[in-house]
Amino acid sequence: MKVRIETPWSSNCELSSGIQTLVWIDDYKPALTLYKSMFELSGFRVLTASDGAAGIELVATNRVDAVVTDYEMPGMNGEAVATLIKQSQPNLPVIMFSGSAVALKHAGHVVDAFCDKAGPRKELLAVIHKLIGNRSLPSIPTRTGEKELTSRLPA
């Protein structure tokens with residue numbers, strides 16, 4: 001069964017009835033609310049956590065297709081979150097979504113992709129699409145072999 005929806009990134013997308021689940025971890029709660037709404041409009045189920053420990057708990061207790069995490073968070077940073085997730089579920093895609101200039105340097109070895117918060121959301125959606133496949137996601141062109149998106153933040 002196909003479902004046709006409109007999204008902010010592409011019009012008239014067709015989605016399969018199987019819904020992909022993202023865990024989104026960010027200590028900035030207004031951004032969590034915004035991204036949850038945006039990506040639910042694109043056909044995802046989005047579970048949110050405002051700290052690393054809560055995010056890890058969501059991953060442990062739910063069927064999850066990908067994790068999107070910020071880098072700079074109190075208590076446990078995104079590198080620690082990604083490392084713990086990869087230890088228990090090495091094939092689960094983890095995307096570092098951060099505005100931190102040091103995030104890629106410190107966490108690039110453990111995450112599957114890095115996206116700059118200052119970049120277009122269409123690029124983030126394309127990375128998610130690439131990492132979890134096109135089973136039920138809007139079709140957005142991606143660059144082959146791209147692991148890291150261009151950083152737009154000053155050092």
# chains A, B, ... in the order shown; residues from 1 in each chain; ligands from 1
$ closest_atom_pairs --of "range 79-100 of chain A" --to "range 48-71 of chain A" --cutoff "8 Å" --atoms "only C-alpha atoms" --output "Markdown table"
| residue | atom | partner | partner_atom | distance |
| --- | --- | --- | --- | --- |
| A:Glu79 | CA | A:Tyr71 | CA | 6.5 |
| A:Val81 | CA | A:Gly52 | CA | 5.7 |
| A:Ala82 | CA | A:Thr69 | CA | 8.0 |
| A:Leu84 | CA | A:Ile56 | CA | 7.7 |
| A:Ile85 | CA | A:Ile56 | CA | 6.8 |
| A:Leu92 | CA | A:Ala66 | CA | 6.0 |
| A:Pro93 | CA | A:Ala66 | CA | 4.9 |
| A:Val94 | CA | A:Val67 | CA | 4.7 |
| A:Ile95 | CA | A:Val68 | CA | 4.8 |
| A:Met96 | CA | A:Thr69 | CA | 5.2 |
| A:Phe97 | CA | A:Asp70 | CA | 5.1 |
| A:Ser98 | CA | A:Asp70 | CA | 5.0 |
| A:Ser100 | CA | A:Tyr71 | CA | 6.9 |
$ atom_distance --atom1 "CA of Lys130 in chain A" --atom2 "CA of Ser88 in chain A"
21.9 Å
$ residues_around --residues "Pro74 in chain A" --least-positions-apart "2" --cutoff "8 Å" --atoms "only C-alpha atoms" --output "list of chain:residue names"
A:Asp27, A:Asp51, A:Glu72, A:Met76, A:Asn77
$ write_last_selection --atoms "N, CA, C and O atoms" --output "short mmCIF file (atom, residue, chain, number, x, y, z; two decimals), in the first residue's frame"
data_model
loop_
_atom_site.label_atom_id
_atom_site.label_comp_id
_atom_site.auth_asym_id
_atom_site.auth_seq_id
_atom_site.Cartn_x
_atom_site.Cartn_y
_atom_site.Cartn_z
N ASP A 27 19.71 18.01 23.43
CA ASP A 27 19.37 18.65 24.70
C ASP A 27 18.58 19.94 24.52
O ASP A 27 18.02 20.46 25.47
N ASP A 51 18.49 13.84 26.44
CA ASP A 51 19.85 13.54 26.91
C ASP A 51 20.25 12.17 26.41
O ASP A 51 19.41 11.37 25.97
N GLU A 72 27.15 18.12 21.32
CA GLU A 72 27.36 18.79 22.60
C GLU A 72 26.09 18.73 23.45
O GLU A 72 25.12 19.42 23.17
N MET A 76 26.42 13.28 28.79
CA MET A 76 26.98 12.33 27.83
C MET A 76 26.93 12.99 26.45
O MET A 76 25.86 13.32 25.97
N ASN A 77 28.09 13.19 25.84
CA ASN A 77 28.08 13.83 24.53
C ASN A 77 27.73 12.83 23.43
O ASN A 77 27.59 11.63 23.67
#
$ select_by_dssp --residues "range 10-145 of chain A" --states "strand (DSSP E or B)" --output "list in words"
Cys13, Glu14, Leu15, Ser16, Thr21, Leu22, Val23, Trp24, Ile25, Arg45, Val46, Leu47, Thr48, Ala49, Ala66, Val67, Val68, Thr69, Val94, Ile95, Met96, Phe97, Ser98, Ala113, Phe114, Cys115 and Asp116 of chain A
$ atom_distance --atom1 "CA of Lys117 in chain A" --atom2 "CA of Ala31 in chain A"
10.4 Å
